[in-house]
file work.txt (compact mmCIF, C-alpha atoms)
# COMPACT_ATOMS: atom_id res chain seq x y z
CA MET A 225 -3.54 -42.64 10.16
CA THR A 226 -4.03 -38.89 10.49
CA LYS A 227 -1.65 -37.13 8.16
CA MET A 228 0.28 -33.98 8.97
CA ARG A 229 -1.16 -31.08 6.99
CA VAL A 230 1.57 -28.97 5.37
CA GLY A 231 1.49 -25.67 3.48
CA ILE A 232 4.10 -24.07 1.23
CA ILE A 233 4.70 -20.30 1.23
CA GLY A 234 6.57 -19.25 -1.91
CA CYS A 235 6.33 -21.35 -5.07
CA GLY A 236 9.66 -20.65 -6.76
CA ASN A 237 12.28 -23.21 -7.73
CA ILE A 238 13.31 -24.21 -4.20
CA SER A 239 9.71 -25.08 -3.30
CA LYS A 240 9.90 -28.11 -5.60
CA TYR A 241 12.53 -29.74 -3.37
CA HIS A 242 10.31 -29.22 -0.33
CA ILE A 243 7.13 -30.47 -1.97
CA ARG A 244 8.73 -33.59 -3.46
CA SER A 245 10.33 -34.44 -0.12
CA TYR A 246 7.07 -34.01 1.82
CA GLN A 247 5.14 -36.07 -0.71
CA ARG A 248 7.54 -38.99 -0.30
CA LEU A 249 6.46 -39.30 3.35
CA GLU A 250 3.42 -41.44 4.12
CA ASN A 251 2.37 -39.40 7.16
CA VAL A 252 2.32 -36.02 5.38
CA GLU A 253 -0.05 -34.31 2.95
CA VAL A 254 0.80 -31.02 1.24
CA VAL A 255 -2.65 -29.43 1.26
CA ALA A 256 -1.96 -25.81 0.31
CA CYS A 257 0.48 -23.41 -1.31
CA ALA A 258 0.67 -19.64 -1.57
CA ASP A 259 2.58 -17.11 -3.64
CA ILE A 260 2.16 -13.39 -4.26
CA ASN A 261 2.28 -14.39 -7.93
CA TYR A 262 -1.04 -16.21 -7.85
CA ASP A 263 -0.58 -17.71 -11.31
CA ARG A 264 2.66 -19.32 -10.12
CA ALA A 265 0.90 -20.75 -7.07
CA LYS A 266 -1.77 -22.25 -9.32
CA GLU A 267 0.89 -23.67 -11.61
CA ARG A 268 2.75 -25.33 -8.72
CA ALA A 269 -0.52 -26.66 -7.29
CA ALA A 270 -1.44 -28.23 -10.62
CA GLU A 271 2.04 -29.71 -10.99
CA PHE A 272 1.94 -31.48 -7.61
CA GLY A 273 -1.77 -32.05 -7.05
CA ILE A 274 -2.14 -29.52 -4.23
CA LYS A 275 -5.78 -28.61 -3.51
CA GLY A 276 -5.51 -25.30 -1.69
CA VAL A 277 -4.14 -22.30 -3.62
CA TYR A 278 -3.75 -18.84 -2.12
CA PRO A 279 -2.39 -15.41 -3.14
CA ASN A 280 -0.40 -14.86 0.08
CA ALA A 281 0.57 -16.35 3.41
CA GLU A 282 -2.16 -14.56 5.36
CA ALA A 283 -4.90 -15.98 3.17
CA MET A 284 -3.48 -19.49 3.38
CA MET A 285 -3.21 -19.44 7.18
CA ALA A 286 -6.76 -18.08 7.44
CA GLY A 287 -8.16 -20.62 5.00
CA GLU A 288 -6.42 -23.78 6.22
CA LYS A 289 -5.75 -25.64 9.44
CA LEU A 290 -2.05 -26.44 9.02
CA ASP A 291 0.34 -28.37 11.23
CA ALA A 292 3.50 -27.18 9.49
CA VAL A 293 4.67 -24.74 6.84
CA SER A 294 7.75 -24.36 4.65
CA VAL A 295 8.79 -20.77 3.92
CA CYS A 296 10.43 -20.69 0.46
CA THR A 297 10.15 -16.99 -0.43
CA TRP A 298 12.60 -14.16 -1.10
CA CYS A 299 14.88 -13.53 1.88
CA SER A 300 13.19 -10.18 2.46
CA THR A 301 9.91 -11.89 3.39
CA HIS A 302 11.24 -14.81 5.46
CA ALA A 303 10.58 -13.05 8.74
CA GLU A 304 7.14 -11.78 7.78
CA CYS A 305 5.94 -15.14 6.43
CA ALA A 306 7.43 -17.19 9.26
CA VAL A 307 5.82 -14.96 11.90
CA THR A 308 2.46 -15.20 10.10
CA ALA A 309 2.67 -18.99 10.01
CA LEU A 310 3.82 -19.33 13.62
CA LYS A 311 1.04 -17.06 14.87
CA GLY A 312 -1.36 -19.05 12.72
CA GLY A 313 -0.54 -22.18 14.71
CA ALA A 314 1.96 -23.92 12.44
CA HIS A 315 5.47 -25.18 12.99
CA VAL A 316 7.85 -23.62 10.45
CA LEU A 317 10.78 -24.73 8.32
CA CYS A 318 12.31 -21.54 6.91
CA GLU A 319 14.73 -21.59 4.01
CA LYS A 320 18.18 -20.10 4.47
CA PRO A 321 19.23 -17.45 5.26
CA MET A 322 16.94 -17.28 8.25
CA ALA A 323 16.41 -13.56 7.73
CA MET A 324 17.82 -10.41 6.15
CA ASN A 325 19.58 -9.50 9.38
CA THR A 326 19.98 -10.41 13.04
CA ALA A 327 17.12 -8.20 14.24
CA GLU A 328 14.64 -10.01 12.00
CA ALA A 329 16.02 -13.41 13.02
CA GLU A 330 15.66 -12.56 16.70
CA LYS A 331 12.05 -11.49 16.12
CA MET A 332 11.34 -14.85 14.45
CA LEU A 333 12.92 -16.75 17.33
CA LYS A 334 10.94 -14.80 19.92
CA THR A 335 7.69 -15.43 18.05
CA ALA A 336 8.39 -19.16 17.89
CA LYS A 337 9.02 -19.27 21.63
CA ASP A 338 5.94 -17.18 22.41
CA CYS A 339 3.79 -19.44 20.22
CA GLU A 340 5.47 -22.60 21.52
CA LYS A 341 6.15 -23.78 17.99
CA LEU A 342 9.21 -25.22 16.28
CA LEU A 343 11.15 -22.90 13.98
CA MET A 344 13.78 -24.80 12.00
CA VAL A 345 16.24 -23.19 9.56
CA GLY A 346 16.91 -24.81 6.19
CA TYR A 347 20.63 -25.51 6.49
CA VAL A 348 20.20 -28.47 4.18
CA ARG A 349 23.92 -29.22 3.82
CA ARG A 350 24.04 -30.32 7.45
CA PHE A 351 22.15 -33.43 6.32
CA GLY A 352 24.86 -34.70 4.01
CA GLU A 353 26.21 -38.08 5.14
CA ASN A 354 29.74 -36.72 4.76
CA VAL A 355 29.04 -33.97 7.28
CA ALA A 356 27.39 -36.40 9.69
CA LEU A 357 30.43 -38.70 9.54
CA ILE A 358 32.98 -35.98 10.24
CA LYS A 359 30.92 -34.48 13.05
CA LYS A 360 30.60 -37.91 14.66
CA ARG A 361 34.37 -38.45 14.43
CA ILE A 362 35.09 -35.01 15.89
CA GLU A 363 32.69 -35.56 18.80
CA ALA A 364 34.36 -38.94 19.48
CA GLY A 365 37.67 -37.10 19.97
CA GLU A 366 39.43 -38.52 16.92
CA PHE A 367 40.52 -35.06 15.76
CA GLY A 368 41.83 -33.95 19.13
CA LYS A 369 41.75 -30.22 19.78
CA LEU A 370 40.36 -28.34 16.79
CA TYR A 371 42.15 -25.15 15.79
CA TYR A 372 41.31 -24.29 12.16
CA ALA A 373 38.64 -24.80 9.50
CA LYS A 374 38.03 -23.35 6.08
CA SER A 375 35.00 -23.45 3.84
CA GLY A 376 33.73 -21.89 0.67
CA CYS A 377 31.75 -22.10 -2.52
CA LEU A 378 33.40 -20.57 -5.58
CA ARG A 379 31.83 -20.13 -8.99
CA ARG A 380 33.41 -19.03 -12.25
CA ALA A 381 30.24 -17.40 -13.60
CA GLY A 382 27.38 -18.21 -11.28
CA ASN A 383 25.42 -15.06 -10.48
CA PRO A 384 21.81 -16.36 -10.47
CA GLY A 385 20.30 -12.96 -11.31
CA GLY A 386 16.63 -12.31 -10.69
CA TRP A 387 15.75 -11.63 -7.06
CA PHE A 388 19.08 -13.12 -5.92
CA SER A 389 20.98 -10.08 -7.24
CA ASP A 390 18.55 -7.48 -5.84
CA SER A 391 19.71 -6.35 -2.40
CA LYS A 392 16.21 -5.25 -1.38
CA ARG A 393 14.90 -8.79 -1.79
CA ALA A 394 18.01 -10.89 -1.13
CA GLY A 395 19.87 -8.83 1.47
CA GLY A 396 23.20 -9.31 -0.31
CA GLY A 397 24.92 -11.42 -2.91
CA ALA A 398 27.34 -14.34 -2.81
CA LEU A 399 27.84 -14.08 0.95
CA ILE A 400 24.22 -14.34 2.01
CA ASP A 401 23.37 -16.83 -0.75
CA LEU A 402 26.34 -19.22 -0.71
CA GLY A 403 28.26 -18.05 2.34
CA VAL A 404 25.35 -18.69 4.66
CA HIS A 405 25.72 -22.42 3.96
CA MET A 406 29.49 -22.47 4.26
CA VAL A 407 29.67 -20.35 7.42
CA ASP A 408 27.01 -22.56 8.97
CA LEU A 409 28.75 -25.80 7.98
CA ALA A 410 32.02 -24.67 9.50
CA CYS A 411 30.27 -23.58 12.71
CA TYR A 412 28.31 -26.84 12.85
CA VAL A 413 31.21 -29.27 12.51
CA ILE A 414 33.37 -27.43 15.05
CA GLY A 415 30.62 -27.61 17.67
CA LYS A 416 28.71 -24.35 17.23
CA PRO A 417 31.00 -22.20 19.42
CA LYS A 418 30.44 -18.47 19.95
CA ALA A 419 31.98 -16.14 17.37
CA LEU A 420 34.15 -13.45 18.98
CA THR A 421 35.53 -11.37 16.11
CA VAL A 422 34.93 -11.12 12.36
CA SER A 423 37.01 -9.51 9.64
CA GLY A 424 35.59 -9.45 6.13
CA THR A 425 35.90 -8.00 2.65
CA THR A 426 33.40 -7.96 -0.20
CA PHE A 427 34.02 -7.32 -3.90
CA LYS A 428 31.73 -6.14 -6.67
CA ASN A 429 33.57 -6.51 -9.99
CA PHE A 430 31.54 -8.60 -12.43
CA GLY A 431 27.77 -8.31 -12.10
CA LEU A 432 25.67 -10.82 -14.02
CA ARG A 433 28.29 -11.76 -16.66
CA ASP A 434 25.44 -12.76 -18.96
CA ASN A 435 27.70 -12.09 -21.94
CA ILE A 436 29.61 -15.31 -21.27
CA LYS A 437 28.64 -18.09 -23.67
CA GLY A 438 29.17 -21.84 -23.69
CA ILE A 439 28.18 -22.57 -20.08
CA GLU A 440 25.11 -23.92 -18.33
CA ARG A 441 23.47 -21.38 -16.03
CA TYR A 442 20.96 -21.40 -13.23
CA ILE A 443 17.80 -19.73 -14.56
CA PRO A 444 15.79 -17.87 -11.91
CA ILE A 445 12.04 -18.06 -12.06
CA GLU A 446 11.89 -14.32 -12.83
CA PRO A 447 15.10 -13.31 -14.69
CA SER A 448 16.26 -9.69 -14.74
CA ASP A 449 19.37 -7.71 -15.71
CA PHE A 450 19.56 -5.85 -12.38
CA CYS A 451 22.42 -6.45 -9.94
CA ASP A 452 23.50 -4.30 -6.98
CA VAL A 453 25.11 -6.93 -4.71
CA GLU A 454 28.61 -8.32 -4.15
CA ASP A 455 29.94 -11.13 -6.31
CA MET A 456 32.58 -12.27 -3.79
CA ALA A 457 33.17 -12.17 -0.05
CA VAL A 458 35.92 -13.46 2.24
CA ALA A 459 35.85 -13.63 6.03
CA LEU A 460 38.06 -14.58 8.97
CA ILE A 461 36.12 -15.60 12.07
CA ARG A 462 37.59 -16.29 15.53
CA PHE A 463 35.62 -18.39 18.01
CA ASP A 464 35.68 -18.78 21.78
CA ASN A 465 36.85 -22.41 21.57
CA GLY A 466 40.13 -21.35 19.96
CA VAL A 467 39.15 -22.24 16.38
CA THR A 468 39.69 -19.79 13.52
CA VAL A 469 37.56 -20.20 10.40
CA TYR A 470 38.34 -18.81 6.96
CA CYS A 471 35.37 -18.60 4.57
CA GLU A 472 35.48 -17.64 0.89
CA ASN A 473 32.50 -17.41 -1.47
CA SER A 474 32.03 -16.09 -4.98
CA TRP A 475 29.45 -15.97 -7.74
CA SER A 476 32.03 -14.81 -10.29
CA GLN A 477 35.78 -15.29 -10.25
CA HIS A 478 38.51 -16.10 -12.76
CA ILE A 479 39.10 -19.69 -11.60
CA ASP A 480 39.49 -22.88 -13.60
CA LYS A 481 36.29 -24.50 -12.31
CA ASP A 482 33.58 -24.19 -9.68
CA HIS A 483 34.74 -25.36 -6.28
CA LEU A 484 32.92 -26.29 -3.07
CA PHE A 485 35.09 -27.01 -0.05
CA LEU A 486 35.01 -27.69 3.66
CA GLU A 487 38.10 -28.68 5.64
CA VAL A 488 38.67 -29.01 9.38
CA TYR A 489 41.89 -29.50 11.34
CA GLY A 490 42.75 -30.71 14.83
CA ASP A 491 46.01 -31.68 16.52
CA LYS A 492 45.28 -35.41 16.01
CA ALA A 493 43.70 -35.42 12.54
CA GLY A 494 42.36 -33.26 9.77
CA ALA A 495 39.71 -33.83 7.12
CA VAL A 496 38.48 -32.77 3.74
CA VAL A 497 34.68 -32.93 3.95
CA GLU A 498 33.76 -31.44 0.59
CA PRO A 499 33.96 -32.17 -2.33
CA TYR A 500 35.01 -35.67 -1.17
CA VAL A 501 35.75 -37.20 2.24
CA LYS A 502 39.35 -37.77 3.28
CA ILE A 503 40.68 -38.02 6.82
CA MET A 504 44.37 -37.34 7.35
CA GLY A 505 46.07 -38.53 10.52
CA GLU A 506 48.99 -40.58 11.80
CA LYS A 507 49.53 -44.04 13.27
CA ASP A 508 52.64 -46.06 14.12
CA ASP A 509 54.80 -43.04 13.29
CA LEU A 510 53.37 -42.88 9.77
CA PHE A 511 50.94 -40.54 8.14
CA THR A 512 47.60 -42.12 7.25
CA ASP A 513 44.92 -41.20 4.72
CA GLU A 514 41.42 -42.66 5.07
CA MET A 515 38.83 -42.27 2.32
CA PRO A 516 35.40 -43.67 3.27
CA VAL A 517 33.58 -45.13 0.29
CA TYR A 518 30.48 -43.19 -0.79
CA ASP A 519 28.36 -43.28 -3.90
CA TYR A 520 28.68 -39.57 -4.52
CA GLU A 521 25.86 -39.62 -7.06
CA LEU A 522 23.55 -40.40 -4.13
CA GLN A 523 24.88 -37.55 -2.01
CA GLY A 524 23.29 -34.67 -3.93
CA MET A 525 20.94 -31.93 -2.82
CA GLU A 526 17.79 -33.95 -3.52
CA SER A 527 18.75 -36.61 -0.96
CA ASN A 528 19.84 -33.92 1.52
CA PHE A 529 16.44 -32.24 1.20
CA GLU A 530 14.73 -35.59 1.75
CA ARG A 531 16.65 -36.08 5.01
CA GLU A 532 16.03 -32.49 6.08
CA ILE A 533 12.27 -32.63 5.48
CA ALA A 534 11.99 -36.06 7.12
CA HIS A 535 13.81 -34.69 10.18
CA PHE A 536 11.53 -31.65 10.36
CA VAL A 537 8.45 -33.85 10.19
CA ASP A 538 9.91 -36.15 12.86
CA CYS A 539 10.53 -33.16 15.13
CA VAL A 540 6.96 -31.93 14.71
CA ALA A 541 5.31 -35.34 14.99
CA ASN A 542 7.45 -36.91 17.71
CA GLY A 543 9.17 -34.06 19.53
CA THR A 544 12.62 -35.15 18.34
CA GLU A 545 15.35 -32.62 19.13
CA CYS A 546 15.88 -30.33 16.15
CA LEU A 547 19.30 -30.35 14.48
CA ASN A 548 18.74 -26.91 12.91
CA PRO A 549 17.07 -24.80 15.61
CA ALA A 550 16.30 -21.13 15.12
CA GLU A 551 18.98 -20.22 17.65
CA ASP A 552 21.59 -21.44 15.15
CA GLY A 553 20.08 -19.23 12.47
CA VAL A 554 20.38 -16.17 14.70
CA LEU A 555 24.08 -16.90 15.29
CA VAL A 556 24.83 -17.28 11.58
CA ASN A 557 22.90 -14.10 10.74
CA ARG A 558 24.96 -12.31 13.38
CA ILE A 559 28.18 -13.44 11.68
CA LEU A 560 26.93 -12.42 8.22
CA ASP A 561 25.98 -8.98 9.53
CA ALA A 562 29.47 -8.63 10.98
CA VAL A 563 31.13 -9.58 7.67
CA TYR A 564 29.15 -6.90 5.85
CA GLU A 565 29.89 -4.35 8.57
CA SER A 566 33.61 -5.17 8.50
CA ALA A 567 33.66 -4.88 4.71
CA ARG A 568 31.88 -1.53 4.88
CA THR A 569 34.07 -0.02 7.59
CA GLY A 570 37.38 -1.71 6.86
CA ARG A 571 37.64 -2.74 10.52
CA GLU A 572 37.45 -5.96 12.48
CA VAL A 573 34.10 -6.38 14.24
CA THR A 574 33.73 -7.66 17.79
CA LEU A 575 30.46 -9.52 18.20
CA LYS A 576 28.22 -8.70 21.12
CA ASN A 577 25.50 -10.82 22.77
CA SER A 578 26.76 -13.89 20.94

call {"tool": "encode", "arguments": {"input": "work.txt", "output": "C-alpha cells"}}
result
Amino acid sequence: MTKMRVGIIGCGNISKYHIRSYQRLENVEVVACADINYDRAKERAAEFGIKGVYPNAEAMMAGEKLDAVSVCTWCSTHAECAVTALKGGAHVLCEKPMAMNTAEAEKMLKTAKDCEKLLMVGYVRRFGENVALIKKRIEAGEFGKLYYAKSGCLRRAGNPGGWFSDSKRAGGGALIDLGVHMVDLACYVIGKPKALTVSGTTFKNFGLRDNIKGIERYIPIEPSDFCDVEDMAVALIRFDNGVTVYCENSWSQHIDKDHLFLEVYGDKAGAVVEPYVKIMGEKDDLFTDEMPVYDYELQGMESNFEREIAHFVDCVANGTECLNPAEDGVLVNRILDAVYESARTGREVTLKNS
C-alpha cells in the first residue's frame, strides 16, 4: 500500500496533536517537518521519528514530494505557508484561524482553487460527537425553526502569553484565539447561514495576570511578558435565516471557574451542546429533558483531532466532501473582522459580499 506523504509546517505545541493523529493512520506517513526555529524542528523530528527536517516551508516543499501538509504556525504566517504548500502541489489542513483577516483568507481560497487542491480549516470542535448529534437532530427538523444561539469560552486567568498575546503574530487576543472556535461552532450548527450585521465590543483590562498563583497555566513554547491584545470580546451577530447569535469569549475575567458553552434554540426544542448534552423540548403537554449518555472523558481534544485528521486524509485520498472547507474559514474571518471593526468604531457593522 502506497502511503500518503505528509509534512508539518510549524513545530509548536499544536503540531503534536497533528503528528500523533497522522501516525495513528495506517495509510499515512509523516515524512517531513519544518520550523523557522530549526532546533525546534529537529527536536520534534527526533521525538516522532520524522526523517526530513527543514528550516522553513519553502525548503520543505522544494526538498520533498508531499501529498498533504498541516500548517501549525503563528496566525500571521498561515496564509504564506498555506499558499507555499498549495503551489508546491500539496493539499493543506490549516490551523484556525484561517488567516489574520478576510483578505488573506480569500487569497488562500483562490490559490487552492487555482491549484485544484483541498484547503481545509482546522475547526476541530466540529468533530465532537456532541456537535454531530445536535446538528443531525437540527437537520432532521426536531428543533423546528431556529431563532437563537449563544456560545463562548470564558477563562478566569487564561492568557497564554508568548506569540498568542502579540498582535503582530496572532492578529488579536481572546476573540481570534477562542472566539474563532465558538463563532464557527454556532454558525455550523445553525446551518452556516450568511451573517448580515455584527455588533461587538472588546476589553483590555488584565494582560497576562502572571502574578496569580495557585493555578495551572498553559505554557507557550516561547514565553514572553509582552501583551497588546484584548482579553475579552463579546459579539451579537444577525444572520439571514433569522437566527441571532451571541458570542462571549475571555482569557481573563473575574468568574468562579472556566466555562465553555454552546446552546441553540428553536420553536420545537432547545439544546445545551457544551459542556454537556441536554435537549429540552415538550411532549404530551409536558416539558421533556433528554440527556444522551456519553463518556465525557473520551470526548476531549485528542479524540477530536483524531477524527479531524482522519477526515482530512479521507478527503484527500478518496475525494470525500470536506466538512471544513476553506469557504467556511473565509466567512468566519469576515465575522471576526467585523467584530474588531465594530469594537473600534462603536458602530454596528453591515457585512458585504457575505

call {"tool": "closest_atom_pairs", "arguments": {"input": "work.txt", "of": "segment 301-364 of chain A", "to": "segment 394-418 of chain A", "cutoff": "7 Å", "atoms": "all atoms listed in the file", "output": "CSV"}}
result
residue,atom,partner,partner_atom,distance
A:Pro321,CA,A:Val404,CA,6.3
A:Met324,CA,A:Gly395,CA,5.3
A:Tyr347,CA,A:His405,CA,6.5
A:Arg350,CA,A:Leu409,CA,6.5
A:Lys359,CA,A:Val413,CA,5.2

call {"tool": "write_last_selection", "arguments": {"input": "work.txt", "atoms": "C-alpha atoms", "output": "mmCIF file, in the frame of the given file"}}
result
data_model
loop_
_atom_site.group_PDB
_atom_site.id
_atom_site.type_symbol
_atom_site.label_atom_id
_atom_site.label_comp_id
_atom_site.auth_asym_id
_atom_site.auth_seq_id
_atom_site.Cartn_x
_atom_site.Cartn_y
_atom_site.Cartn_z
ATOM 1 C CA PRO A 321 19.230 -17.450 5.260
ATOM 2 C CA MET A 324 17.820 -10.410 6.150
ATOM 3 C CA TYR A 347 20.630 -25.510 6.490
ATOM 4 C CA ARG A 350 24.040 -30.320 7.450
ATOM 5 C CA LYS A 359 30.920 -34.480 13.050
#

call {"tool": "residues_around", "arguments": {"input": "work.txt", "residues": "segment 441-454 of chain A", "least_positions_apart": "5", "cutoff": "10 Å", "atoms": "all atoms listed in the file", "output": "PyMOL selection string"}}
result
chain A and resi 235-237+264+381-392+394-400+425-434+474-476

call {"tool": "residues_around", "arguments": {"input": "work.txt", "residues": "Tyr372 of chain A", "least_positions_apart": "3", "cutoff": "8 Å", "atoms": "only C-alpha atoms", "output": "number ranges by chain"}}
result
A: 467-469, 488-490

call {"tool": "residues_around", "arguments": {"input": "work.txt", "residues": "Ala269 of chain A", "least_positions_apart": "2", "cutoff": "12 Å", "atoms": "all atoms listed in the file", "output": "list of chain:residue names"}}
result
A:Gly231, A:Ile232, A:Ile233, A:Gly234, A:Cys235, A:Gly236, A:Ser239, A:Lys240, A:Ile243, A:Val254, A:Val255, A:Ala256, A:Cys257, A:Ala258, A:Asp259, A:Tyr262, A:Asp263, A:Arg264, A:Ala265, A:Lys266, A:Glu267, A:Glu271, A:Phe272, A:Gly273, A:Ile274, A:Lys275, A:Gly276, A:Val277, A:Tyr278

call {"tool": "closest_residue", "arguments": {"input": "work.txt", "among": "A:Ala286, A:Ile479, A:Leu420, A:Val497", "to": "Glu572 of chain A", "atoms": "all atoms listed in the file"}}
result
A:Leu420

call {"tool": "closest_residue", "arguments": {"input": "work.txt", "among": "A:Leu290, A:Ala419, A:Ala534, A:Gly494", "to": "Phe463 of chain A", "atoms": "all atoms listed in the file"}}
result
A:Ala419

call {"tool": "residues_around", "arguments": {"input": "work.txt", "residues": "segment 568-570 of chain A", "least_positions_apart": "2", "cutoff": "10 Å", "atoms": "all atoms listed in the file", "output": "PyMOL selection string"}}
result
chain A and resi 423-426+562-566+572-573

call {"tool": "residues_around", "arguments": {"input": "work.txt", "residues": "Val293 of chain A", "least_positions_apart": "4", "cutoff": "10 Å", "atoms": "all atoms listed in the file", "output": "ChimeraX atom specification"}}
result
/A:229-233,254,256-257,281,285,305-306,309-310,313-318,343

call {"tool": "closest_residue", "arguments": {"input": "work.txt", "among": "A:Val556, A:Leu547, A:Ile503, A:Leu575", "to": "Ile358 of chain A", "atoms": "only C-alpha atoms"}}
result
A:Ile503

call {"tool": "closest_residue", "arguments": {"input": "work.txt", "among": "A:Leu560, A:Ala493, A:Val517, A:Glu498", "to": "Leu460 of chain A", "atoms": "only C-alpha atoms"}}
result
A:Leu560

call {"tool": "closest_residue", "arguments": {"input": "work.txt", "among": "A:Lys492, A:Thr574, A:Phe529, A:Asn548", "to": "Arg361 of chain A", "atoms": "all atoms listed in the file"}}
result
A:Lys492

call {"tool": "closest_residue", "arguments": {"input": "work.txt", "among": "A:Thr326, A:Arg268, A:Glu353, A:Met525", "to": "Asp561 of chain A", "atoms": "only C-alpha atoms"}}
result
A:Thr326

call {"tool": "atom_distance", "arguments": {"input": "work.txt", "atom1": "atom CA of Arg462 of chain A", "atom2": "atom CA of Thr421 of chain A"}}
result
5.4 Å

call {"tool": "atom_distance", "arguments": {"input": "work.txt", "atom1": "atom CA of Val458 of chain A", "atom2": "atom CA of Phe485 of chain A"}}
result
13.8 Å

call {"tool": "axis_aligned_box", "arguments": {"input": "work.txt", "around": "segment 282-298 of chain A", "padding_each_side": "4 Å", "output": "AutoDock Vina command-line options"}}
result
--center_x 2.2 --center_y -21.3 --center_z 5.1 --size_x 28.8 --size_y 22.2 --size_z 20.3

call {"tool": "atom_distance", "arguments": {"input": "work.txt", "atom1": "atom CA of Glu487 of chain A", "atom2": "atom CA of Ala373 of chain A"}}
result
5.5 Å

call {"tool": "build_atoms", "arguments": {"input": "work.txt", "residues": "segment 530-548 of chain A", "atoms": "N, CA and C atoms", "output": "PDB file, in the frame of the given file"}}
result
ATOM      1  N   GLU A 530      15.578 -34.517   1.227  1.00  0.00           N
ATOM      2  CA  GLU A 530      14.730 -35.590   1.750  1.00  0.00           C
ATOM      3  C   GLU A 530      15.009 -35.836   3.225  1.00  0.00           C
ATOM      4  N   ARG A 531      16.296 -35.869   3.604  1.00  0.00           N
ATOM      5  CA  ARG A 531      16.650 -36.080   5.010  1.00  0.00           C
ATOM      6  C   ARG A 531      16.240 -34.887   5.862  1.00  0.00           C
ATOM      7  N   GLU A 532      16.412 -33.686   5.333  1.00  0.00           N
ATOM      8  CA  GLU A 532      16.030 -32.490   6.080  1.00  0.00           C
ATOM      9  C   GLU A 532      14.530 -32.459   6.364  1.00  0.00           C
ATOM     10  N   ILE A 533      13.725 -32.673   5.318  1.00  0.00           N
ATOM     11  CA  ILE A 533      12.270 -32.630   5.480  1.00  0.00           C
ATOM     12  C   ILE A 533      11.796 -33.750   6.396  1.00  0.00           C
ATOM     13  N   ALA A 534      12.367 -34.943   6.244  1.00  0.00           N
ATOM     14  CA  ALA A 534      11.990 -36.060   7.120  1.00  0.00           C
ATOM     15  C   ALA A 534      12.306 -35.736   8.577  1.00  0.00           C
ATOM     16  N   HIS A 535      13.440 -35.070   8.816  1.00  0.00           N
ATOM     17  CA  HIS A 535      13.810 -34.690  10.180  1.00  0.00           C
ATOM     18  C   HIS A 535      12.831 -33.652  10.729  1.00  0.00           C
ATOM     19  N   PHE A 536      12.481 -32.663   9.926  1.00  0.00           N
ATOM     20  CA  PHE A 536      11.530 -31.650  10.360  1.00  0.00           C
ATOM     21  C   PHE A 536      10.194 -32.279  10.744  1.00  0.00           C
ATOM     22  N   VAL A 537       9.711 -33.166   9.908  1.00  0.00           N
ATOM     23  CA  VAL A 537       8.450 -33.850  10.190  1.00  0.00           C
ATOM     24  C   VAL A 537       8.558 -34.685  11.464  1.00  0.00           C
ATOM     25  N   ASP A 538       9.684 -35.354  11.651  1.00  0.00           N
ATOM     26  CA  ASP A 538       9.910 -36.150  12.860  1.00  0.00           C
ATOM     27  C   ASP A 538       9.899 -35.267  14.102  1.00  0.00           C
ATOM     28  N   CYS A 539      10.510 -34.090  13.989  1.00  0.00           N
ATOM     29  CA  CYS A 539      10.530 -33.160  15.130  1.00  0.00           C
ATOM     30  C   CYS A 539       9.113 -32.713  15.484  1.00  0.00           C
ATOM     31  N   VAL A 540       8.325 -32.391  14.474  1.00  0.00           N
ATOM     32  CA  VAL A 540       6.960 -31.930  14.710  1.00  0.00           C
ATOM     33  C   VAL A 540       6.087 -33.059  15.246  1.00  0.00           C
ATOM     34  N   ALA A 541       6.197 -34.237  14.637  1.00  0.00           N
ATOM     35  CA  ALA A 541       5.310 -35.340  14.990  1.00  0.00           C
ATOM     36  C   ALA A 541       5.690 -36.014  16.309  1.00  0.00           C
ATOM     37  N   ASN A 542       6.995 -36.097  16.581  1.00  0.00           N
ATOM     38  CA  ASN A 542       7.450 -36.910  17.710  1.00  0.00           C
ATOM     39  C   ASN A 542       8.249 -36.144  18.761  1.00  0.00           C
ATOM     40  N   GLY A 543       8.434 -34.842  18.553  1.00  0.00           N
ATOM     41  CA  GLY A 543       9.170 -34.060  19.530  1.00  0.00           C
ATOM     42  C   GLY A 543      10.661 -34.327  19.537  1.00  0.00           C
ATOM     43  N   THR A 544      11.187 -34.893  18.447  1.00  0.00           N
ATOM     44  CA  THR A 544      12.620 -35.150  18.340  1.00  0.00           C
ATOM     45  C   THR A 544      13.395 -33.834  18.382  1.00  0.00           C
ATOM     46  N   GLU A 545      14.548 -33.839  19.027  1.00  0.00           N
ATOM     47  CA  GLU A 545      15.350 -32.620  19.130  1.00  0.00           C
ATOM     48  C   GLU A 545      15.785 -32.159  17.749  1.00  0.00           C
ATOM     49  N   CYS A 546      15.610 -30.887  17.478  1.00  0.00           N
ATOM     50  CA  CYS A 546      15.880 -30.330  16.150  1.00  0.00           C
ATOM     51  C   CYS A 546      17.379 -30.105  15.952  1.00  0.00           C
ATOM     52  N   LEU A 547      17.886 -30.555  14.812  1.00  0.00           N
ATOM     53  CA  LEU A 547      19.300 -30.350  14.480  1.00  0.00           C
ATOM     54  C   LEU A 547      19.585 -28.941  13.988  1.00  0.00           C
ATOM     55  N   ASN A 548      18.572 -28.260  13.485  1.00  0.00           N
ATOM     56  CA  ASN A 548      18.740 -26.910  12.910  1.00  0.00           C
ATOM     57  C   ASN A 548      17.835 -25.905  13.609  1.00  0.00           C
TER      58      ASN A 548
END
